[in-house]
Amino acid sequence: MSKLEDIVSLCKRRGFIFPGSDVYGGFAGTWDFGPLGVTLKKKIMDEWWKYFVENREDIYGIDAAILMNPKTWEASGHTATFADPLVECKECKSRFRADKIADGINESVTTEEFLATHTKCPVCGKENWGPIRKFNMMFTTHVGAVLPDDDEKLASQNIAYLRPETAQGIFTNYKNVIDTIYPDLPFGLAQQGKAFRNEISPRDFILRDRECSQMEIEYFVAPDTWEENFEIMRKAQHDFLENTVMLPKENIHELEVPKEDRAHYSKRTIDFMFDYPGGEQELMGLAYRTDFDLQNIARESGKSMDYRDKKTNQVFVPHVIEPSIGVERLVLAILSTAYTEDEINGEKRIVLKLPENLAPFKFCVSPLLKNKPELVAKAKEVYTKLRQKYNYVTWDDSGNIGKRYRKQDEIGTPKCIVIDFDTLEDNTVTVRDRDTTEQIRVKIDNL
Ligand SMILES: [Zn+2]
């Protein structure tokens with residue numbers, strides 16, 4: 001098994017991440033977070049919110065609706081250009097994203113360029129391709145009372161999209177925010193939420209899924225200051241990734257995205273690549289979106305997006321720096337960093353070395369023996385006390401102590417606390433460290 005398969009297997013076995021709609025045989029490109037996975041994911045999202053919103057005075061949170069006026073996606077260019085190159089094998093009718101099955105081409109590949117790569121069909125092995133067609137990745141839905149037998153015209157008037165990015169929910173609220181809280185430039189608006197992309201071939205576990213959670217900031221700046229603010233945001237991303245969620249610095253690589261590969265709105269983009277088990281993949285992006293979005297909204301809505309500088313009285317449309325991170329991509333980066341196989345006293349073990357601030361549980365409390373009521377009672381007392389203090393504390397009295405340690409290692413619990421007969425005498429407990437497996441005695445009052 002590859003390391004990625006090992007992680008997928010651990011995630012399912014221990015209740016972190018299940019295939020979406022598993023009971024019905026799954027649903028491609030969707031994943032469900034189980035009890036441990038949702039705690040991990042929520043802690044990661046909370047750390048991000050604390051870092052970028054609560055601990056700063058210049059970034060404010062918002063939470064916009066997923067369903068937005070379809071004009072949003074006309075103005076943003078998504079209706080016209082949010083598309084992947086789709087190619088169909090004429091032999092077996094399989095459909096692929098052209099730039100994912102051929103080397104050396106990008107999303108704007110033409111039919112001629114693709115045919116020149118002499119790529120064989122990954123399913124049937126033949127080389128007989130149809131033309132490249134643009135496949136729009138937005139999911140459509142109908143809003144309001146539309147029936148299946150309504151004529152096409154009526155139906156098309158009621159089309160709405162599941163948002164393909166959270167960013168537009170921020171841009172469309174820019175004016176509301178400056179008219180209500182009058183922030184000084186530079187200021188940012190941050191949002192966390194679901195986004196949807198109808199990927200042609202979802203794959204790589206939670207790296208390329210059809211429904212994902214995003215954490216995005218639009219940082220509004222005066223046009224002539226974009227370079228320095230881009231630099232400030234770039235450093236902040238590194239600091240968050242390396243010092244808050246503790247990704248190894250050496251596994252993060254910046255990729256300056258060349259013009260031809262950049263999104264249609266961007267004048268500069270750095271992709272933060274991460275060494276995943278299957279190879280280097282995008283973890284997050286930092287893009288300079290200019291005033292593209294606000295100008296589009298001004299044009300489409302007829303409303304002014306001008307900002308008046310309080311000191312200089314200058315009037316202009318702010319430019320935007322956008323750090324955008326996919327939560328599932330970050331979850332996988334953290335899981336693959338934490339996933340470790342080692343040997344303790346000649347016995348192989350799997351251990352998830354999650355940072356303490358992210359581990360689903362901080363402590364596991366258990367009585368040495370389940371059938372000794374006095375040990376169980378004392379352990380319950382310690383458990384209740386720690387739960388009040390730390391929230392994330394679990395109880396385990398299953399199997400023998402060795403099995404409990406293995407289980408807690410696999411779910412990344414940093415410390416296991418065991419109540420034994422000495423505890424009843426001297427009020428000390430055994431505290432066992434996940435990473436070193438070392439055990440020390442600690443007074444209950446010092447926990
Ligand atoms: Zn084929």
# chains A, B, ... in the order shown; residues from 1 in each chain; ligands from 1
>>> residues_around(residues="His253 in chain A", least_positions_apart="4", cutoff="7 Å", atoms="only C-alpha atoms", output="PyMOL selection string")
chain A and resi 272-274
>>> residues_near_ligand(ligand="ligand 1", cutoff="8 Å", atoms="only C-alpha atoms and all ligand atoms", output="list in words")
Glu88, Cys89, Lys90, Glu91, Cys92, Lys93, Ser94, Lys120, Cys121, Pro122, Val123, Cys124, Gly125, Lys126, Glu127 and Asn128 of chain A
>>> write_last_selection(atoms="C-alpha atoms", output="PDB file, in the first residue's frame")
ATOM      1  CA  GLU A  88     -13.778  12.149 -25.118  1.00  0.00           C
ATOM      2  CA  CYS A  89     -12.328   8.846 -26.308  1.00  0.00           C
ATOM      3  CA  LYS A  90     -14.293   7.902 -29.428  1.00  0.00           C
ATOM      4  CA  GLU A  91     -13.600   4.208 -28.854  1.00  0.00           C
ATOM      5  CA  CYS A  92     -14.868   3.683 -25.310  1.00  0.00           C
ATOM      6  CA  LYS A  93     -16.691   7.006 -24.719  1.00  0.00           C
ATOM      7  CA  SER A  94     -14.710   7.722 -21.544  1.00  0.00           C
ATOM      8  CA  LYS A 120      -3.454   7.008 -25.257  1.00  0.00           C
ATOM      9  CA  CYS A 121      -6.824   6.560 -23.587  1.00  0.00           C
ATOM     10  CA  PRO A 122      -6.194   5.604 -19.923  1.00  0.00           C
ATOM     11  CA  VAL A 123      -9.206   3.263 -20.063  1.00  0.00           C
ATOM     12  CA  CYS A 124      -8.967   1.383 -23.397  1.00  0.00           C
ATOM     13  CA  GLY A 125      -5.437   2.240 -24.516  1.00  0.00           C
ATOM     14  CA  LYS A 126      -6.502   3.457 -27.999  1.00  0.00           C
ATOM     15  CA  GLU A 127      -5.692   6.836 -29.512  1.00  0.00           C
ATOM     16  CA  ASN A 128      -8.877   8.089 -31.139  1.00  0.00           C
TER      17      ASN A 128
END
>>> atom_distance(atom1="CA of Ile7 in chain A", atom2="CA of Glu242 in chain A")
21.5 Å
>>> closest_residue(among="A:Ala236, A:Ile411, A:Ala65, A:Ala379", to="Asp397 in chain A", atoms="only C-alpha atoms")
A:Ala379
>>> select_by_dssp(residues="range 142-377 of chain A", states="alpha helix (DSSP H)", output="ChimeraX atom specification")
/A:152-157,167-171,174-181,226-239,292-301,327-338,373-377
>>> residues_around(residues="range 81-87 of chain A", least_positions_apart="2", cutoff="12 Å", atoms="only C-alpha atoms", output="PDB file with N, CA and C atoms, in the first residue's frame")
ATOM      1  N   TRP A  73     -22.011  35.517 -11.237  1.00  0.00           N
ATOM      2  CA  TRP A  73     -21.099  34.652 -11.997  1.00  0.00           C
ATOM      3  C   TRP A  73     -20.931  35.116 -13.432  1.00  0.00           C
ATOM      4  N   GLU A  74     -21.898  35.928 -13.909  1.00  0.00           N
ATOM      5  CA  GLU A  74     -21.709  36.617 -15.191  1.00  0.00           C
ATOM      6  C   GLU A  74     -20.601  37.645 -15.016  1.00  0.00           C
ATOM      7  N   ALA A  75     -20.752  38.465 -13.963  1.00  0.00           N
ATOM      8  CA  ALA A  75     -19.797  39.554 -13.727  1.00  0.00           C
ATOM      9  C   ALA A  75     -18.392  39.022 -13.453  1.00  0.00           C
ATOM     10  N   SER A  76     -18.300  37.935 -12.718  1.00  0.00           N
ATOM     11  CA  SER A  76     -16.981  37.430 -12.313  1.00  0.00           C
ATOM     12  C   SER A  76     -16.261  36.698 -13.447  1.00  0.00           C
ATOM     13  N   GLY A  77     -17.015  36.374 -14.499  1.00  0.00           N
ATOM     14  CA  GLY A  77     -16.411  35.657 -15.627  1.00  0.00           C
ATOM     15  C   GLY A  77     -16.534  34.146 -15.503  1.00  0.00           C
ATOM     16  N   HIS A  78     -17.118  33.660 -14.413  1.00  0.00           N
ATOM     17  CA  HIS A  78     -17.202  32.207 -14.229  1.00  0.00           C
ATOM     18  C   HIS A  78     -18.118  31.537 -15.251  1.00  0.00           C
ATOM     19  N   THR A  79     -19.234  32.200 -15.612  1.00  0.00           N
ATOM     20  CA  THR A  79     -20.151  31.590 -16.587  1.00  0.00           C
ATOM     21  C   THR A  79     -19.419  31.348 -17.908  1.00  0.00           C
ATOM     22  N   CYS A  89     -12.878   9.941 -25.503  1.00  0.00           N
ATOM     23  CA  CYS A  89     -12.328   8.846 -26.308  1.00  0.00           C
ATOM     24  C   CYS A  89     -13.448   8.318 -27.190  1.00  0.00           C
ATOM     25  N   LYS A  90     -13.225   8.332 -28.514  1.00  0.00           N
ATOM     26  CA  LYS A  90     -14.293   7.902 -29.428  1.00  0.00           C
ATOM     27  C   LYS A  90     -14.492   6.387 -29.394  1.00  0.00           C
ATOM     28  N   LYS A  93     -15.812   5.923 -25.212  1.00  0.00           N
ATOM     29  CA  LYS A  93     -16.691   7.006 -24.719  1.00  0.00           C
ATOM     30  C   LYS A  93     -16.302   7.556 -23.345  1.00  0.00           C
ATOM     31  N   SER A  94     -15.135   7.160 -22.826  1.00  0.00           N
ATOM     32  CA  SER A  94     -14.710   7.722 -21.544  1.00  0.00           C
ATOM     33  C   SER A  94     -14.353   9.196 -21.725  1.00  0.00           C
ATOM     34  N   ARG A  95     -14.628   9.991 -20.695  1.00  0.00           N
ATOM     35  CA  ARG A  95     -14.318  11.417 -20.761  1.00  0.00           C
ATOM     36  C   ARG A  95     -13.245  11.777 -19.737  1.00  0.00           C
ATOM     37  N   PHE A  96     -12.338  12.644 -20.158  1.00  0.00           N
ATOM     38  CA  PHE A  96     -11.215  13.024 -19.294  1.00  0.00           C
ATOM     39  C   PHE A  96     -10.977  14.518 -19.348  1.00  0.00           C
ATOM     40  N   ARG A  97     -10.249  14.981 -18.327  1.00  0.00           N
ATOM     41  CA  ARG A  97      -9.742  16.346 -18.376  1.00  0.00           C
ATOM     42  C   ARG A  97      -8.412  16.255 -19.117  1.00  0.00           C
ATOM     43  N   ALA A  98      -8.357  16.890 -20.313  1.00  0.00           N
ATOM     44  CA  ALA A  98      -7.217  16.707 -21.216  1.00  0.00           C
ATOM     45  C   ALA A  98      -5.879  17.005 -20.537  1.00  0.00           C
ATOM     46  N   ASP A  99      -5.831  18.103 -19.760  1.00  0.00           N
ATOM     47  CA  ASP A  99      -4.544  18.492 -19.182  1.00  0.00           C
ATOM     48  C   ASP A  99      -4.115  17.576 -18.040  1.00  0.00           C
ATOM     49  N   LYS A 100      -5.010  16.673 -17.608  1.00  0.00           N
ATOM     50  CA  LYS A 100      -4.633  15.751 -16.542  1.00  0.00           C
ATOM     51  C   LYS A 100      -4.136  14.402 -17.081  1.00  0.00           C
ATOM     52  N   ILE A 101      -4.389  14.125 -18.365  1.00  0.00           N
ATOM     53  CA  ILE A 101      -3.924  12.829 -18.884  1.00  0.00           C
ATOM     54  C   ILE A 101      -2.749  12.977 -19.854  1.00  0.00           C
ATOM     55  N   ALA A 102      -2.431  14.233 -20.239  1.00  0.00           N
ATOM     56  CA  ALA A 102      -1.288  14.445 -21.134  1.00  0.00           C
ATOM     57  C   ALA A 102      -0.260  15.332 -20.438  1.00  0.00           C
ATOM     58  N   ILE A 105       0.945  20.153 -21.136  1.00  0.00           N
ATOM     59  CA  ILE A 105      -0.082  21.074 -21.630  1.00  0.00           C
ATOM     60  C   ILE A 105      -0.826  21.658 -20.434  1.00  0.00           C
ATOM     61  N   ASN A 106      -1.490  22.795 -20.661  1.00  0.00           N
ATOM     62  CA  ASN A 106      -2.244  23.378 -19.550  1.00  0.00           C
ATOM     63  C   ASN A 106      -3.723  23.462 -19.900  1.00  0.00           C
ATOM     64  N   GLU A 107      -4.473  24.167 -19.025  1.00  0.00           N
ATOM     65  CA  GLU A 107      -5.932  24.182 -19.156  1.00  0.00           C
ATOM     66  C   GLU A 107      -6.423  24.802 -20.460  1.00  0.00           C
ATOM     67  N   SER A 108      -5.581  25.646 -21.090  1.00  0.00           N
ATOM     68  CA  SER A 108      -6.042  26.308 -22.313  1.00  0.00           C
ATOM     69  C   SER A 108      -5.611  25.545 -23.572  1.00  0.00           C
ATOM     70  N   VAL A 109      -5.350  24.258 -23.419  1.00  0.00           N
ATOM     71  CA  VAL A 109      -4.885  23.421 -24.538  1.00  0.00           C
ATOM     72  C   VAL A 109      -5.917  23.408 -25.685  1.00  0.00           C
ATOM     73  N   THR A 110      -5.408  23.421 -26.924  1.00  0.00           N
ATOM     74  CA  THR A 110      -6.302  23.303 -28.087  1.00  0.00           C
ATOM     75  C   THR A 110      -6.335  21.842 -28.527  1.00  0.00           C
ATOM     76  N   THR A 111      -7.310  21.517 -29.398  1.00  0.00           N
ATOM     77  CA  THR A 111      -7.418  20.147 -29.902  1.00  0.00           C
ATOM     78  C   THR A 111      -6.113  19.719 -30.582  1.00  0.00           C
ATOM     79  N   GLU A 113      -3.032  20.855 -30.160  1.00  0.00           N
ATOM     80  CA  GLU A 113      -1.949  20.650 -29.186  1.00  0.00           C
ATOM     81  C   GLU A 113      -2.121  19.319 -28.451  1.00  0.00           C
ATOM     82  N   PHE A 114      -3.364  19.007 -28.122  1.00  0.00           N
ATOM     83  CA  PHE A 114      -3.601  17.761 -27.396  1.00  0.00           C
ATOM     84  C   PHE A 114      -3.285  16.551 -28.272  1.00  0.00           C
ATOM     85  N   LEU A 115      -3.754  16.577 -29.529  1.00  0.00           N
ATOM     86  CA  LEU A 115      -3.510  15.435 -30.421  1.00  0.00           C
ATOM     87  C   LEU A 115      -2.010  15.220 -30.646  1.00  0.00           C
ATOM     88  N   THR A 119      -1.414  11.073 -26.758  1.00  0.00           N
ATOM     89  CA  THR A 119      -1.817  10.422 -25.511  1.00  0.00           C
ATOM     90  C   THR A 119      -2.755   9.257 -25.812  1.00  0.00           C
ATOM     91  N   LYS A 120      -2.552   8.159 -25.100  1.00  0.00           N
ATOM     92  CA  LYS A 120      -3.454   7.008 -25.257  1.00  0.00           C
ATOM     93  C   LYS A 120      -4.545   7.074 -24.199  1.00  0.00           C
ATOM     94  N   CYS A 121      -5.709   6.541 -24.536  1.00  0.00           N
ATOM     95  CA  CYS A 121      -6.824   6.560 -23.587  1.00  0.00           C
ATOM     96  C   CYS A 121      -6.452   5.734 -22.347  1.00  0.00           C
ATOM     97  N   GLU A 127      -5.946   5.407 -29.304  1.00  0.00           N
ATOM     98  CA  GLU A 127      -5.692   6.836 -29.512  1.00  0.00           C
ATOM     99  C   GLU A 127      -6.630   7.343 -30.592  1.00  0.00           C
ATOM    100  N   ASN A 128      -7.854   7.623 -30.204  1.00  0.00           N
ATOM    101  CA  ASN A 128      -8.877   8.089 -31.139  1.00  0.00           C
ATOM    102  C   ASN A 128      -9.757   9.094 -30.418  1.00  0.00           C
ATOM    103  N   TRP A 129      -9.344  10.369 -30.517  1.00  0.00           N
ATOM    104  CA  TRP A 129      -9.973  11.394 -29.672  1.00  0.00           C
ATOM    105  C   TRP A 129     -10.939  12.296 -30.433  1.00  0.00           C
ATOM    106  N   GLY A 130     -11.964  12.730 -29.744  1.00  0.00           N
ATOM    107  CA  GLY A 130     -12.822  13.795 -30.260  1.00  0.00           C
ATOM    108  C   GLY A 130     -12.170  15.139 -29.975  1.00  0.00           C
ATOM    109  N   PRO A 131     -12.830  16.244 -30.370  1.00  0.00           N
ATOM    110  CA  PRO A 131     -12.258  17.570 -30.128  1.00  0.00           C
ATOM    111  C   PRO A 131     -12.304  17.941 -28.640  1.00  0.00           C
ATOM    112  N   ILE A 132     -11.434  18.874 -28.264  1.00  0.00           N
ATOM    113  CA  ILE A 132     -11.474  19.417 -26.895  1.00  0.00           C
ATOM    114  C   ILE A 132     -12.708  20.306 -26.765  1.00  0.00           C
ATOM    115  N   ARG A 133     -13.487  20.058 -25.736  1.00  0.00           N
ATOM    116  CA  ARG A 133     -14.634  20.931 -25.471  1.00  0.00           C
ATOM    117  C   ARG A 133     -14.498  21.545 -24.094  1.00  0.00           C
ATOM    118  N   LYS A 134     -15.018  22.773 -23.965  1.00  0.00           N
ATOM    119  CA  LYS A 134     -14.943  23.461 -22.677  1.00  0.00           C
ATOM    120  C   LYS A 134     -16.100  22.976 -21.799  1.00  0.00           C
ATOM    121  N   PHE A 135     -15.758  22.510 -20.617  1.00  0.00           N
ATOM    122  CA  PHE A 135     -16.763  21.977 -19.705  1.00  0.00           C
ATOM    123  C   PHE A 135     -16.841  22.885 -18.486  1.00  0.00           C
ATOM    124  N   ASN A 136     -17.970  23.601 -18.329  1.00  0.00           N
ATOM    125  CA  ASN A 136     -18.098  24.515 -17.195  1.00  0.00           C
ATOM    126  C   ASN A 136     -18.296  23.728 -15.903  1.00  0.00           C
ATOM    127  N   MET A 137     -17.499  24.077 -14.898  1.00  0.00           N
ATOM    128  CA  MET A 137     -17.480  23.279 -13.669  1.00  0.00           C
ATOM    129  C   MET A 137     -18.492  23.717 -12.623  1.00  0.00           C
ATOM    130  N   MET A 138     -19.298  24.738 -12.931  1.00  0.00           N
ATOM    131  CA  MET A 138     -20.289  25.154 -11.931  1.00  0.00           C
ATOM    132  C   MET A 138     -21.477  24.204 -11.916  1.00  0.00           C
ATOM    133  N   PHE A 139     -21.926  23.835 -10.719  1.00  0.00           N
ATOM    134  CA  PHE A 139     -23.150  23.049 -10.580  1.00  0.00           C
ATOM    135  C   PHE A 139     -24.336  23.987 -10.762  1.00  0.00           C
ATOM    136  N   ARG A 163     -22.109  28.052  -5.443  1.00  0.00           N
ATOM    137  CA  ARG A 163     -20.924  28.901  -5.636  1.00  0.00           C
ATOM    138  C   ARG A 163     -19.659  28.069  -5.849  1.00  0.00           C
ATOM    139  N   PRO A 164     -18.869  28.420  -6.880  1.00  0.00           N
ATOM    140  CA  PRO A 164     -17.620  27.695  -7.125  1.00  0.00           C
ATOM    141  C   PRO A 164     -16.462  28.241  -6.303  1.00  0.00           C
ATOM    142  N   GLU A 165     -16.671  29.378  -5.635  1.00  0.00           N
ATOM    143  CA  GLU A 165     -15.651  29.932  -4.738  1.00  0.00           C
ATOM    144  C   GLU A 165     -16.374  30.805  -3.730  1.00  0.00           C
ATOM    145  N   ARG A 197     -17.386  22.377  -7.114  1.00  0.00           N
ATOM    146  CA  ARG A 197     -16.827  22.321  -8.464  1.00  0.00           C
ATOM    147  C   ARG A 197     -17.098  20.958  -9.054  1.00  0.00           C
ATOM    148  N   ASN A 198     -17.728  20.958 -10.212  1.00  0.00           N
ATOM    149  CA  ASN A 198     -18.066  19.685 -10.852  1.00  0.00           C
ATOM    150  C   ASN A 198     -16.843  19.128 -11.576  1.00  0.00           C
ATOM    151  N   GLU A 199     -15.891  18.632 -10.807  1.00  0.00           N
ATOM    152  CA  GLU A 199     -14.640  18.116 -11.370  1.00  0.00           C
ATOM    153  C   GLU A 199     -14.936  16.974 -12.338  1.00  0.00           C
ATOM    154  N   ILE A 200     -14.258  16.967 -13.468  1.00  0.00           N
ATOM    155  CA  ILE A 200     -14.471  15.895 -14.448  1.00  0.00           C
ATOM    156  C   ILE A 200     -14.028  14.557 -13.865  1.00  0.00           C
ATOM    157  N   SER A 201     -12.864  14.546 -13.255  1.00  0.00           N
ATOM    158  CA  SER A 201     -12.439  13.290 -12.621  1.00  0.00           C
ATOM    159  C   SER A 201     -11.887  13.548 -11.224  1.00  0.00           C
ATOM    160  N   ALA A 263      -5.280  32.276 -13.312  1.00  0.00           N
ATOM    161  CA  ALA A 263      -6.712  32.494 -13.504  1.00  0.00           C
ATOM    162  C   ALA A 263      -6.901  33.806 -14.256  1.00  0.00           C
ATOM    163  N   HIS A 264      -8.057  33.919 -14.923  1.00  0.00           N
ATOM    164  CA  HIS A 264      -8.276  35.066 -15.810  1.00  0.00           C
ATOM    165  C   HIS A 264      -8.190  36.415 -15.090  1.00  0.00           C
ATOM    166  N   TYR A 265      -8.390  36.424 -13.775  1.00  0.00           N
ATOM    167  CA  TYR A 265      -8.455  37.698 -13.055  1.00  0.00           C
ATOM    168  C   TYR A 265      -7.127  38.105 -12.438  1.00  0.00           C
TER     169      TYR A 265
END
>>> residues_around(residues="range 342-344 of chain A", least_positions_apart="2", cutoff="12 Å", atoms="only C-alpha atoms", output="compact mmCIF listing (two decimals) with N, CA and C atoms, in the first residue's frame")
# COMPACT_ATOMS: atom_id res chain seq x y z
N TYR A 339 1.24 11.35 10.04
CA TYR A 339 1.22 9.90 9.92
C TYR A 339 2.64 9.31 10.00
N THR A 340 2.86 8.46 10.98
CA THR A 340 4.20 7.89 11.20
C THR A 340 4.08 6.40 11.53
N GLY A 346 10.35 -3.51 19.43
CA GLY A 346 10.22 -4.55 18.41
C GLY A 346 8.83 -4.71 17.84
N GLU A 347 7.89 -3.88 18.31
CA GLU A 347 6.52 -3.99 17.80
C GLU A 347 6.20 -2.78 16.91
N LYS A 348 5.69 -3.07 15.71
CA LYS A 348 5.35 -1.97 14.79
C LYS A 348 4.12 -1.22 15.30
N ARG A 349 4.15 0.09 15.14
CA ARG A 349 2.93 0.83 15.50
C ARG A 349 2.71 1.96 14.49
N ILE A 350 1.45 2.38 14.40
CA ILE A 350 1.10 3.56 13.61
C ILE A 350 0.77 4.66 14.60
N VAL A 351 1.36 5.82 14.40
CA VAL A 351 1.09 6.93 15.31
C VAL A 351 0.84 8.20 14.50
N LEU A 352 -0.17 8.94 14.92
CA LEU A 352 -0.51 10.20 14.27
C LEU A 352 0.05 11.32 15.16
N LYS A 353 1.19 11.87 14.72
CA LYS A 353 1.84 12.88 15.56
C LYS A 353 1.26 14.27 15.28
N GLY A 402 -2.37 -1.92 26.68
CA GLY A 402 -1.56 -1.85 25.46
C GLY A 402 -2.40 -1.51 24.24
N TYR A 405 -3.43 2.11 24.24
CA TYR A 405 -2.35 2.99 23.79
C TYR A 405 -2.27 2.99 22.26
N ARG A 406 -2.33 1.78 21.65
CA ARG A 406 -2.27 1.68 20.18
C ARG A 406 -3.36 2.53 19.54
N ASP A 409 -2.70 6.21 19.99
CA ASP A 409 -1.61 6.61 19.09
C ASP A 409 -2.16 6.85 17.70
N GLU A 410 -3.04 5.96 17.24
CA GLU A 410 -3.57 6.05 15.88
C GLU A 410 -4.48 7.26 15.67
N ARG A 434 2.63 10.18 23.78
CA ARG A 434 2.35 9.53 22.49
C ARG A 434 3.61 9.32 21.65
N ASP A 435 4.42 10.36 21.54
CA ASP A 435 5.54 10.29 20.60
C ASP A 435 6.72 9.47 21.13
N THR A 436 7.02 9.63 22.42
CA THR A 436 8.19 8.92 22.97
C THR A 436 7.79 7.63 23.69
N THR A 437 6.50 7.49 24.00
CA THR A 437 5.92 6.40 24.81
C THR A 437 6.47 6.40 26.25
N GLU A 438 7.20 7.45 26.62
CA GLU A 438 7.72 7.54 27.99
C GLU A 438 6.58 7.77 28.98
>>> select_by_dssp(residues="range 4-171 of chain A", states="strand (DSSP E)", output="ChimeraX atom specification")
/A:17-19,31-33,59-61,83-88,95-97,133-136,140-142,159-161
>>> residues_around(residues="Leu375 in chain A", least_positions_apart="6", cutoff="10 Å", atoms="only C-alpha atoms", output="count of residues only")
12
>>> closest_residue(among="A:Pro258, A:Pro373, A:Gly29, A:Pro223", to="Val315 in chain A", atoms="only C-alpha atoms")
A:Pro223
>>> residues_around(residues="Glu227 in chain A", least_positions_apart="2", cutoff="12 Å", atoms="only C-alpha atoms", output="PDB file with C-alpha atoms, in the first residue's frame")
ATOM      1  CA  VAL A 221      -5.404  47.798  -0.642  1.00  0.00           C
ATOM      2  CA  ALA A 222      -4.584  51.097  -2.356  1.00  0.00           C
ATOM      3  CA  PRO A 223      -3.533  50.221  -5.941  1.00  0.00           C
ATOM      4  CA  ASP A 224       0.040  51.516  -5.599  1.00  0.00           C
ATOM      5  CA  THR A 225       0.651  49.441  -2.451  1.00  0.00           C
ATOM      6  CA  ASN A 229       0.817  44.025   0.835  1.00  0.00           C
ATOM      7  CA  PHE A 230       1.294  40.937  -1.314  1.00  0.00           C
ATOM      8  CA  GLU A 231       4.584  40.414   0.521  1.00  0.00           C
ATOM      9  CA  ILE A 232       2.950  40.906   3.956  1.00  0.00           C
ATOM     10  CA  MET A 233       0.226  38.382   3.094  1.00  0.00           C
ATOM     11  CA  ARG A 234       2.780  35.936   1.719  1.00  0.00           C
ATOM     12  CA  LYS A 267      -1.844  39.637 -12.361  1.00  0.00           C
ATOM     13  CA  ARG A 268       0.339  37.647 -10.017  1.00  0.00           C
ATOM     14  CA  THR A 269      -0.214  34.294  -8.334  1.00  0.00           C
ATOM     15  CA  ALA A 287      -3.340  35.904  -5.933  1.00  0.00           C
ATOM     16  CA  TYR A 288      -3.254  39.573  -6.814  1.00  0.00           C
ATOM     17  CA  ARG A 289      -6.728  40.020  -8.326  1.00  0.00           C
ATOM     18  CA  THR A 290      -6.289  43.751  -9.090  1.00  0.00           C
ATOM     19  CA  HIS A 319      -7.138  46.416  -5.455  1.00  0.00           C
ATOM     20  CA  VAL A 320      -7.191  42.988  -3.868  1.00  0.00           C
ATOM     21  CA  ILE A 321      -4.728  40.418  -2.541  1.00  0.00           C
TER      22      ILE A 321
END
>>> residues_around(residues="range 328-333 of chain A", least_positions_apart="2", cutoff="7 Å", atoms="only C-alpha atoms", output="list in words")
Lys41, Ile206, Leu207, Cys212, Ser213, Tyr276, Leu283, Gly326, Leu335, Ser336 and Thr337 of chain A
>>> closest_atom_pairs(of="range 115-209 of chain A", to="range 303-307 of chain A", cutoff="12 Å", atoms="only C-alpha atoms", output="tab-separated table")
residue	atom	partner	partner_atom	distance
A:Phe171	CA	A:Met305	CA	9.9
A:Thr172	CA	A:Met305	CA	10.0
A:Asn173	CA	A:Met305	CA	10.6
A:Tyr174	CA	A:Met305	CA	8.0
A:Lys175	CA	A:Met305	CA	6.5
A:Asn176	CA	A:Met305	CA	10.2
A:Val177	CA	A:Met305	CA	11.3
A:Ile178	CA	A:Tyr307	CA	8.1
A:Asp179	CA	A:Tyr307	CA	10.0
A:Tyr182	CA	A:Tyr307	CA	9.8
A:Pro183	CA	A:Tyr307	CA	10.1
A:Asp184	CA	A:Tyr307	CA	9.6
A:Leu185	CA	A:Tyr307	CA	9.0
A:Pro186	CA	A:Tyr307	CA	11.1
A:Phe187	CA	A:Tyr307	CA	11.9
>>> write_last_selection(atoms="C-alpha atoms", output="PDB file, in the first residue's frame")
ATOM      1  CA  PHE A 171     -16.767  41.044  -3.112  1.00  0.00           C
ATOM      2  CA  THR A 172     -20.535  41.444  -3.298  1.00  0.00           C
ATOM      3  CA  ASN A 173     -20.543  42.551   0.348  1.00  0.00           C
ATOM      4  CA  TYR A 174     -17.644  44.999   0.012  1.00  0.00           C
ATOM      5  CA  LYS A 175     -19.982  47.969  -0.383  1.00  0.00           C
ATOM      6  CA  ASN A 176     -22.201  46.936   2.541  1.00  0.00           C
ATOM      7  CA  VAL A 177     -19.132  46.701   4.742  1.00  0.00           C
ATOM      8  CA  ILE A 178     -17.562  50.051   3.822  1.00  0.00           C
ATOM      9  CA  ASP A 179     -20.965  51.743   4.213  1.00  0.00           C
ATOM     10  CA  TYR A 182     -16.041  52.421   7.536  1.00  0.00           C
ATOM     11  CA  PRO A 183     -12.761  50.468   7.672  1.00  0.00           C
ATOM     12  CA  ASP A 184      -9.452  52.123   6.796  1.00  0.00           C
ATOM     13  CA  LEU A 185      -7.410  50.649   3.973  1.00  0.00           C
ATOM     14  CA  PRO A 186      -5.821  48.208   3.900  1.00  0.00           C
ATOM     15  CA  PHE A 187      -8.507  45.944   5.332  1.00  0.00           C
TER      16      PHE A 187
END
>>> closest_residue(among="A:Arg308, A:Thr30, A:Phe205, A:Pro360", to="Val8 in chain A", atoms="only C-alpha atoms")
A:Phe205
>>> closest_atom_pairs(of="range 216-267 of chain A", to="range 46-57 of chain A", cutoff="12 Å", atoms="only C-alpha atoms", output="JSON lines")
{"residue": "A:Glu216", "atom": "CA", "partner": "A:Trp48", "partner_atom": "CA", "distance": 10.1}
{"residue": "A:Ile217", "atom": "CA", "partner": "A:Phe52", "partner_atom": "CA", "distance": 8.7}
{"residue": "A:Glu218", "atom": "CA", "partner": "A:Phe52", "partner_atom": "CA", "distance": 11.5}
{"residue": "A:Tyr219", "atom": "CA", "partner": "A:Phe52", "partner_atom": "CA", "distance": 11.1}
{"residue": "A:Met233", "atom": "CA", "partner": "A:Phe52", "partner_atom": "CA", "distance": 10.3}
{"residue": "A:Ala236", "atom": "CA", "partner": "A:Phe52", "partner_atom": "CA", "distance": 8.7}
{"residue": "A:Gln237", "atom": "CA", "partner": "A:Phe52", "partner_atom": "CA", "distance": 9.5}
{"residue": "A:Asp239", "atom": "CA", "partner": "A:Tyr51", "partner_atom": "CA", "distance": 9.8}
{"residue": "A:Phe240", "atom": "CA", "partner": "A:Tyr51", "partner_atom": "CA", "distance": 7.3}
{"residue": "A:Leu241", "atom": "CA", "partner": "A:Trp48", "partner_atom": "CA", "distance": 9.4}
{"residue": "A:Asn243", "atom": "CA", "partner": "A:Tyr51", "partner_atom": "CA", "distance": 10.7}
{"residue": "A:Thr244", "atom": "CA", "partner": "A:Glu47", "partner_atom": "CA", "distance": 7.3}
{"residue": "A:Val245", "atom": "CA", "partner": "A:Glu47", "partner_atom": "CA", "distance": 7.9}
{"residue": "A:Met246", "atom": "CA", "partner": "A:Glu47", "partner_atom": "CA", "distance": 11.5}
